[in-house]
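*Asks:* To be precise about what I am sending: the file is called data_21.txt and holds compact mmCIF, C-alpha atoms.
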```txt
# COMPACT_ATOMS: atom_id res chain seq x y z
CA THR A 1 46.00 28.11 -3.79
CA ASP A 2 42.97 25.82 -3.46
CA VAL A 3 45.24 22.79 -3.08
CA ALA A 4 47.62 24.62 -0.73
CA VAL A 5 44.89 25.94 1.58
CA VAL A 6 42.85 22.75 1.88
CA GLY A 7 46.02 20.69 2.29
CA LYS A 8 47.22 22.93 5.12
CA PHE A 9 43.99 23.72 6.93
CA ALA A 10 41.31 21.18 5.91
CA GLY A 11 43.28 17.93 5.90
CA ALA A 12 44.44 15.27 3.49
CA ARG A 13 40.96 14.08 2.51
CA ALA A 14 39.97 17.58 1.38
CA LEU A 15 43.24 17.80 -0.55
CA GLY A 16 42.47 14.50 -2.26
CA SER A 17 38.95 15.65 -3.14
CA VAL A 18 40.16 18.86 -4.78
CA GLY A 19 43.06 17.09 -6.46
CA SER A 20 40.76 14.44 -7.94
CA THR A 21 39.12 17.17 -10.05
CA THR A 22 42.31 18.83 -11.31
CA ILE A 23 42.43 17.00 -14.65
CA ILE A 24 38.75 17.72 -15.40
CA ILE A 25 39.25 21.40 -14.60
CA THR A 26 42.36 21.49 -16.80
CA LEU A 27 40.26 19.98 -19.60
CA THR A 28 37.52 22.61 -19.33
CA THR A 29 40.02 25.45 -18.94
CA GLY A 30 41.87 24.23 -22.05
CA ILE A 31 38.68 24.47 -24.09
CA LEU A 32 38.17 28.09 -23.03
CA LEU A 33 41.85 28.92 -23.64
CA GLY A 34 41.49 27.53 -27.15
CA MET A 35 38.46 29.71 -27.83
CA GLY A 36 40.39 32.70 -26.50
CA GLY A 37 43.20 31.78 -28.88
CA GLY A 38 40.79 31.92 -31.82
CA VAL A 39 39.62 35.38 -30.72
CA ASN A 40 43.23 36.49 -30.33
CA ALA A 41 44.32 35.31 -33.79
CA VAL A 42 41.41 36.79 -35.76
CA THR A 43 41.47 40.10 -33.85
CA ALA A 44 45.25 40.45 -34.33
CA LEU A 45 44.93 39.64 -38.05
CA HIS A 46 42.44 42.46 -38.61
CA MET A 47 44.41 44.84 -36.37
CA GLY A 48 47.51 44.22 -38.50
CA ALA A 49 45.49 44.89 -41.64
CA GLU A 50 44.10 48.06 -40.00
CA ASP A 51 40.61 46.80 -40.86
CA TYR A 52 38.95 48.27 -37.80
CA GLN A 53 35.43 47.49 -38.99
CA ARG A 54 36.26 43.78 -38.90
CA VAL A 55 38.03 44.20 -35.56
CA HIS A 56 34.77 45.65 -34.27
CA LYS A 57 32.74 42.76 -35.68
CA THR A 58 35.20 40.17 -34.37
CA VAL A 59 35.00 41.51 -30.82
CA HIS A 60 31.21 41.73 -30.78
CA THR A 61 30.77 38.25 -32.29
CA SER A 62 33.41 36.59 -30.12
CA VAL A 63 31.97 37.76 -26.82
CA ILE A 64 28.80 35.78 -27.60
CA LEU A 65 30.68 32.70 -28.83
CA CYS A 66 32.85 32.58 -25.70
CA PHE A 67 29.90 33.13 -23.38
CA ILE A 68 28.01 30.28 -25.07
CA ALA A 69 31.09 28.04 -24.69
CA GLY A 70 31.18 28.87 -20.97
CA LEU A 71 27.47 28.11 -20.56
CA LEU A 72 27.82 24.77 -22.38
CA LEU A 73 30.68 23.76 -20.09
CA LEU A 74 28.61 24.81 -17.07
CA VAL A 75 25.57 22.75 -18.10
CA THR A 76 27.65 19.75 -19.15
CA GLY A 77 29.69 19.90 -15.97
CA LEU A 78 26.66 20.04 -13.69
CA ALA A 79 25.09 17.09 -15.51
CA PHE A 80 28.14 14.82 -15.73
CA SER A 81 30.43 15.75 -12.81
CA LYS A 82 29.59 12.85 -10.53
CA PRO A 83 29.24 10.20 -13.31
CA LEU A 84 32.64 11.19 -14.70
CA LEU A 85 34.27 11.04 -11.27
CA GLU A 86 32.74 7.61 -10.76
CA VAL A 87 34.06 6.38 -14.11
CA MET A 88 37.50 7.62 -13.03
CA ASN A 89 37.32 5.33 -9.96
CA THR A 90 37.38 8.25 -7.52
CA LYS A 91 37.63 6.91 -3.97
CA PRO A 92 34.29 6.65 -2.08
CA GLU A 93 35.76 8.73 0.75
CA LEU A 94 36.73 11.49 -1.71
CA ILE A 95 33.91 11.51 -4.26
CA ASP A 96 31.37 13.64 -2.35
CA GLY A 97 33.90 16.40 -1.74
CA ALA A 98 35.22 16.15 -5.30
CA THR A 99 31.70 16.37 -6.77
CA ALA A 100 30.82 19.39 -4.63
CA TYR A 101 34.05 21.18 -5.54
CA LEU A 102 33.71 20.45 -9.27
CA MET A 103 30.05 21.46 -9.56
CA ILE A 104 30.63 24.75 -7.72
CA TYR A 105 33.84 25.47 -9.61
CA LEU A 106 32.19 24.92 -13.01
CA CYS A 107 29.59 27.58 -12.13
CA GLY A 108 32.44 29.99 -12.86
CA SER A 109 32.85 28.73 -16.46
CA PRO A 110 30.93 31.65 -18.07
CA ALA A 111 33.13 34.12 -16.19
CA LEU A 112 36.30 32.24 -17.14
CA ALA A 113 35.15 32.23 -20.77
CA LEU A 114 34.55 36.00 -20.76
CA TYR A 115 37.90 36.70 -19.11
CA ASN A 116 39.69 34.61 -21.75
CA PHE A 117 37.74 36.48 -24.45
CA GLY A 118 38.90 39.82 -23.04
CA ASN A 119 42.44 38.57 -22.63
CA GLY A 120 42.44 37.36 -26.25
CA VAL A 121 41.31 40.77 -27.51
CA LEU A 122 43.76 42.80 -25.41
CA SER A 123 46.67 40.47 -26.20
CA ALA A 124 45.87 40.88 -29.90
CA VAL A 125 46.37 44.64 -29.64
CA GLY A 126 49.54 44.27 -27.56
CA ASP A 127 48.11 44.98 -24.11
CA THR A 128 49.07 42.07 -21.86
CA LYS A 129 49.67 44.15 -18.73
CA ARG A 130 46.04 45.06 -18.11
CA PRO A 131 44.76 41.44 -18.06
CA LEU A 132 47.70 40.57 -15.78
CA ILE A 133 46.71 43.33 -13.34
CA TYR A 134 43.06 42.21 -13.34
CA LEU A 135 44.01 38.57 -12.82
CA SER A 136 46.46 39.51 -10.06
CA ILE A 137 43.71 41.42 -8.22
CA SER A 138 41.28 38.51 -8.49
CA GLY A 139 44.06 36.07 -7.54
CA ILE A 140 44.79 37.96 -4.32
CA ILE A 141 41.07 38.04 -3.53
CA ASN A 142 40.96 34.29 -4.20
CA ILE A 143 43.73 33.65 -1.65
CA VAL A 144 42.09 35.85 1.00
CA LEU A 145 38.67 34.24 0.47
CA ASN A 146 40.22 30.76 0.51
CA LEU A 147 41.72 31.44 3.93
CA PHE A 148 38.53 33.09 5.22
CA PHE A 149 36.14 30.37 4.04
CA VAL A 150 38.37 27.49 5.17
CA ILE A 151 39.85 28.79 8.45
CA VAL A 152 37.08 31.08 9.73
CA CYS A 153 33.94 29.58 8.15
CA ARG A 154 35.28 26.00 8.12
CA LEU A 155 33.69 25.30 4.73
CA GLY A 156 36.58 23.12 3.53
CA VAL A 157 36.26 22.02 -0.10
CA VAL A 158 33.11 24.08 -0.66
CA GLY A 159 34.90 27.17 0.64
CA VAL A 160 37.82 27.02 -1.81
CA ALA A 161 35.40 26.36 -4.69
CA LEU A 162 33.33 29.42 -3.75
CA ALA A 163 36.48 31.53 -3.49
CA SER A 164 37.52 30.41 -6.97
CA ILE A 165 34.28 31.32 -8.73
CA ILE A 166 33.99 34.67 -6.93
CA SER A 167 37.49 35.59 -8.09
CA GLN A 168 36.68 34.42 -11.63
CA TYR A 169 33.62 36.67 -11.83
CA ILE A 170 35.66 39.58 -10.48
CA SER A 171 38.33 39.14 -13.19
CA ALA A 172 35.61 38.88 -15.88
CA PHE A 173 33.88 42.01 -14.54
CA LEU A 174 37.11 44.03 -14.53
CA ILE A 175 38.11 43.14 -18.08
CA LEU A 176 34.59 43.67 -19.47
CA LYS A 177 34.29 46.99 -17.62
CA PHE A 178 37.41 48.18 -19.40
CA LEU A 179 36.29 46.96 -22.84
CA PHE A 180 32.87 48.59 -22.45
CA GLY A 181 34.39 51.89 -21.34
CA CYS A 182 37.59 52.24 -23.38
CA GLY A 183 36.01 53.73 -26.54
CA LYS A 184 38.59 51.99 -28.75
CA ASP A 185 38.04 50.16 -32.04
CA TYR A 186 38.37 46.92 -30.11
CA GLY A 187 36.01 48.08 -27.35
CA LEU A 188 32.56 46.66 -26.63
CA TYR A 189 29.26 48.46 -27.25
CA ILE A 190 26.05 46.80 -26.04
CA ARG A 191 24.02 47.90 -29.07
CA ASN A 192 26.50 46.25 -31.45
CA ILE A 193 26.73 42.84 -29.79
CA GLY A 194 25.61 40.21 -32.27
CA ILE A 195 26.91 37.31 -34.34
CA ASP A 196 28.40 37.89 -37.79
CA SER A 197 28.33 34.42 -39.40
CA HIS A 198 31.50 34.97 -41.47
CA ILE A 199 33.49 36.22 -38.48
CA ALA A 200 32.09 33.47 -36.24
CA ALA A 201 33.23 30.83 -38.74
CA ARG A 202 36.76 32.27 -38.78
CA VAL A 203 37.00 32.39 -34.99
CA LEU A 204 35.69 28.83 -34.63
CA LYS A 205 37.94 27.56 -37.43
CA ILE A 206 40.93 28.52 -35.26
CA GLY A 207 39.36 28.33 -31.80
CA LEU A 208 37.94 24.80 -31.92
CA PRO A 209 41.14 23.02 -33.08
CA ALA A 210 43.08 25.11 -30.54
CA ALA A 211 40.62 24.02 -27.86
CA VAL A 212 41.22 20.38 -28.80
CA GLN A 213 44.99 20.96 -28.76
CA TYR A 214 44.94 22.55 -25.30
CA SER A 215 42.78 19.70 -24.00
CA LEU A 216 44.62 16.71 -25.46
CA PHE A 217 47.02 16.32 -22.54
CA ALA A 218 44.11 16.58 -20.13
CA VAL A 219 42.19 13.84 -21.96
CA ALA A 220 45.27 11.58 -21.80
CA ASN A 221 45.75 12.44 -18.14
CA LEU A 222 42.16 11.39 -17.36
CA TYR A 223 43.33 7.82 -17.95
CA ILE A 224 46.40 8.39 -15.76
CA GLN A 225 44.23 9.85 -12.98
CA THR A 226 41.92 6.84 -13.26
CA ALA A 227 44.94 4.57 -12.75
CA VAL A 228 46.16 6.66 -9.80
CA ASN A 229 42.69 6.42 -8.25
CA SER A 230 43.03 2.62 -8.14
CA PHE A 231 45.62 3.01 -5.36
CA ASP A 232 45.00 3.94 -1.74
CA HIS A 233 43.64 7.44 -1.04
CA VAL A 234 47.06 8.46 0.37
CA VAL A 235 48.55 8.03 -3.13
CA VAL A 236 45.73 10.13 -4.61
CA GLU A 237 46.43 12.89 -2.08
CA GLY A 238 50.17 12.85 -2.77
CA ASN A 239 49.58 12.94 -6.52
CA SER A 240 47.18 15.88 -6.05
CA ALA A 241 49.86 17.91 -4.30
CA ALA A 242 52.44 17.24 -7.03
CA ALA A 243 50.25 17.47 -10.14
CA ASN A 244 49.86 21.26 -9.95
CA ALA A 245 53.49 21.75 -10.96
CA ASP A 246 52.66 20.20 -14.34
CA ASN A 247 49.86 22.71 -14.94
CA ILE A 248 52.06 25.68 -14.00
CA VAL A 249 54.77 24.66 -16.48
CA TYR A 250 52.23 23.98 -19.23
CA ASP A 251 50.48 27.34 -18.72
CA MET A 252 53.79 29.22 -18.85
CA MET A 253 54.55 27.65 -22.24
CA ALA A 254 51.02 28.38 -23.46
CA ALA A 255 51.56 32.08 -22.72
CA PHE A 256 54.40 32.17 -25.26
CA TYR A 257 52.21 30.37 -27.81
CA THR A 258 49.65 33.17 -27.41
CA ALA A 259 52.33 35.83 -27.85
CA CYS A 260 53.56 34.14 -31.03
CA THR A 261 49.99 34.00 -32.35
CA SER A 262 49.49 37.73 -31.78
CA PHE A 263 52.75 38.72 -33.54
CA ILE A 264 52.31 36.36 -36.48
CA ALA A 265 48.65 37.28 -37.03
CA GLN A 266 49.36 41.03 -36.92
CA ASN A 267 52.21 40.72 -39.43
CA LEU A 268 50.17 38.43 -41.65
CA GLY A 269 47.35 41.00 -41.61
CA ALA A 270 49.85 43.74 -42.51
CA ARG A 271 51.20 41.52 -45.34
CA LYS A 272 54.70 41.54 -43.83
```
Is it possible to give me this structure as structure tokens?
*Replies:*
Amino acid sequence: TDVAVVGKFAGARALGSVGSTTIIITLTTGILLGMGGGVNAVTALHMGAEDYQRVHKTVHTSVILCFIAGLLLLVTGLAFSKPLLEVMNTKPELIDGATAYLMIYLCGSPALALYNFGNGVLSAVGDTKRPLIYLSISGIINIVLNLFFVIVCRLGVVGVALASIISQYISAFLILKFLFGCGKDYGLYIRNIGIDSHIAARVLKIGLPAAVQYSLFAVANLYIQTAVNSFDHVVVEGNSAAANADNIVYDMMAAFYTACTSFIAQNLGARK
């Protein structure tokens, strides 16, 4: 929606600015999806084994690991956003807008990390509808805020970035609110949040390679984006409009990978 709204109401330059950051955002999102995959696999394994004590430990360790991952991406992004865009040969007329969008967007990394944590836990226990509902609510809010900030407030690139992070924090709040209040074995309890070194190692053993796997295409596409940026800004803007289709297809496939992980891990835990 960010690309659609700025392209329609803020002009081609704003579209090019947002589109210039797409690959970097895909890279950071892939890292957090990978961490969520590690949470999903380990939680599902212990659920299948009916080892609810380890489920409890996995959830309370993973929430810290994912939050730390989100904070690291936030700090790294704020420090290196503009230098990375410069290395990628981002057009001078686009780089200020691209830097502003990227730095604001990455402020939502902790929220995105916590949402992916919650989604990993709920998917592991077979509940994929609740995360979908929460994400749908935040997605609708994102669209409304995009239109409000761009059309009414005339904030352009900054407006769609603000709308994105607000919606990310809403989705994280909704999923954490449920986990803190559900009273289940996989629920969260503030007094029990802490890192179990054995559980942390298991989550990271799966989560870090998965994060690299999710991000590999994005790393390769950084070079492609750099090449695209060598052309006129009109080419960059056209590429920005088209590139989102690639992400949609990739994310749809990734959803089935997550489902396979949940089923396999549960059955492995149950020794079936």
*Asks:* Taking only C-alpha atoms into account, which of A:Ile95, A:Val160, A:Val150, A:Met35 comes nearest Gly16 in chain A?
*Replies:*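 Of the candidates, the smallest distance to Gly16 in chain A is held by A:Ile95.
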*Asks:* In Å, with one decimal, what is the gap from CA of Ala44 in chain A to CA of Gly70 in chain A?
*Replies:*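 So the answer is 22.6 Å.
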*Asks:* With all atoms listed in the file as the atoms that count, which of A:Asn192, A:Gly207, A:Gly159, A:Ser109 lies nearest to Phe180 in chain A?
*Replies:* A:Asn192
*Asks:* CA of Phe256 in chain A and CA of Ser136 in chain A are how many Å apart?
*Replies:*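 According to the coordinates, CA of Phe256 in chain A and CA of Ser136 in chain A are separated by 18.7 Å.
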*Asks:* Taking only C-alpha atoms into account, name the residue in A:Val5, A:Leu147, A:Val87, A:Val125 that is nearest to Glu50 in chain A.
*Replies:*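 Closest residue, counting only C-alpha atoms: A:Val125.
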*Asks:* N, CA, C and O atoms for range 86-106 of chain A, written as a short mmCIF file (atom, residue, chain, number, x, y, z; two decimals), keeping the file's coordinate frame, could you do that?
*Replies:*
```cif
data_model
loop_
_atom_site.label_atom_id
_atom_site.label_comp_id
_atom_site.auth_asym_id
_atom_site.auth_seq_id
_atom_site.Cartn_x
_atom_site.Cartn_y
_atom_site.Cartn_z
N GLU A 86 32.95 9.04 -11.04
CA GLU A 86 32.74 7.61 -10.76
C GLU A 86 33.45 6.74 -11.78
O GLU A 86 34.07 5.73 -11.43
N VAL A 87 33.37 7.12 -13.05
CA VAL A 87 34.06 6.38 -14.11
C VAL A 87 35.57 6.40 -13.88
O VAL A 87 36.27 5.43 -14.20
N MET A 88 36.07 7.49 -13.31
CA MET A 88 37.50 7.62 -13.03
C MET A 88 37.92 6.89 -11.75
O MET A 88 39.06 7.03 -11.31
N ASN A 89 37.02 6.12 -11.17
CA ASN A 89 37.32 5.33 -9.96
C ASN A 89 37.71 6.20 -8.77
O ASN A 89 38.57 5.82 -7.97
N THR A 90 37.10 7.38 -8.66
CA THR A 90 37.38 8.25 -7.52
C THR A 90 36.98 7.53 -6.22
O THR A 90 35.94 6.89 -6.15
N LYS A 91 37.84 7.62 -5.23
CA LYS A 91 37.63 6.91 -3.97
C LYS A 91 36.30 7.32 -3.32
O LYS A 91 35.93 8.50 -3.34
N PRO A 92 35.58 6.33 -2.74
CA PRO A 92 34.29 6.65 -2.08
C PRO A 92 34.43 7.74 -1.02
O PRO A 92 33.54 8.56 -0.86
N GLU A 93 35.57 7.74 -0.30
CA GLU A 93 35.76 8.73 0.75
C GLU A 93 36.09 10.12 0.21
O GLU A 93 36.10 11.11 0.95
N LEU A 94 36.38 10.21 -1.09
CA LEU A 94 36.73 11.49 -1.71
C LEU A 94 35.66 12.02 -2.65
O LEU A 94 35.64 13.22 -2.95
N ILE A 95 34.76 11.14 -3.12
CA ILE A 95 33.91 11.51 -4.26
C ILE A 95 32.89 12.60 -3.91
O ILE A 95 32.60 13.46 -4.75
N ASP A 96 32.35 12.60 -2.69
CA ASP A 96 31.37 13.64 -2.35
C ASP A 96 32.01 15.02 -2.35
O ASP A 96 31.45 15.98 -2.89
N GLY A 97 33.18 15.12 -1.74
CA GLY A 97 33.90 16.40 -1.74
C GLY A 97 34.32 16.81 -3.13
O GLY A 97 34.21 17.99 -3.50
N ALA A 98 34.79 15.85 -3.93
CA ALA A 98 35.22 16.15 -5.30
C ALA A 98 34.05 16.63 -6.15
O ALA A 98 34.18 17.58 -6.93
N THR A 99 32.89 15.97 -6.00
CA THR A 99 31.70 16.37 -6.77
C THR A 99 31.25 17.77 -6.39
O THR A 99 30.95 18.60 -7.26
N ALA A 100 31.22 18.06 -5.09
CA ALA A 100 30.82 19.39 -4.63
C ALA A 100 31.76 20.46 -5.17
O ALA A 100 31.31 21.51 -5.68
N TYR A 101 33.07 20.20 -5.06
CA TYR A 101 34.05 21.18 -5.54
C TYR A 101 33.88 21.42 -7.05
O TYR A 101 33.85 22.57 -7.50
N LEU A 102 33.77 20.33 -7.81
CA LEU A 102 33.71 20.45 -9.27
C LEU A 102 32.45 21.17 -9.72
O LEU A 102 32.51 22.05 -10.59
N MET A 103 31.31 20.84 -9.13
CA MET A 103 30.05 21.46 -9.56
C MET A 103 30.03 22.95 -9.23
O MET A 103 29.56 23.76 -10.03
N ILE A 104 30.56 23.32 -8.07
CA ILE A 104 30.63 24.75 -7.72
C ILE A 104 31.63 25.46 -8.62
O ILE A 104 31.35 26.54 -9.15
N TYR A 105 32.79 24.84 -8.81
CA TYR A 105 33.84 25.47 -9.61
C TYR A 105 33.36 25.74 -11.03
O TYR A 105 33.62 26.81 -11.61
N LEU A 106 32.64 24.77 -11.62
CA LEU A 106 32.19 24.92 -13.01
C LEU A 106 31.11 26.00 -13.16
O LEU A 106 30.85 26.43 -14.28
#
```
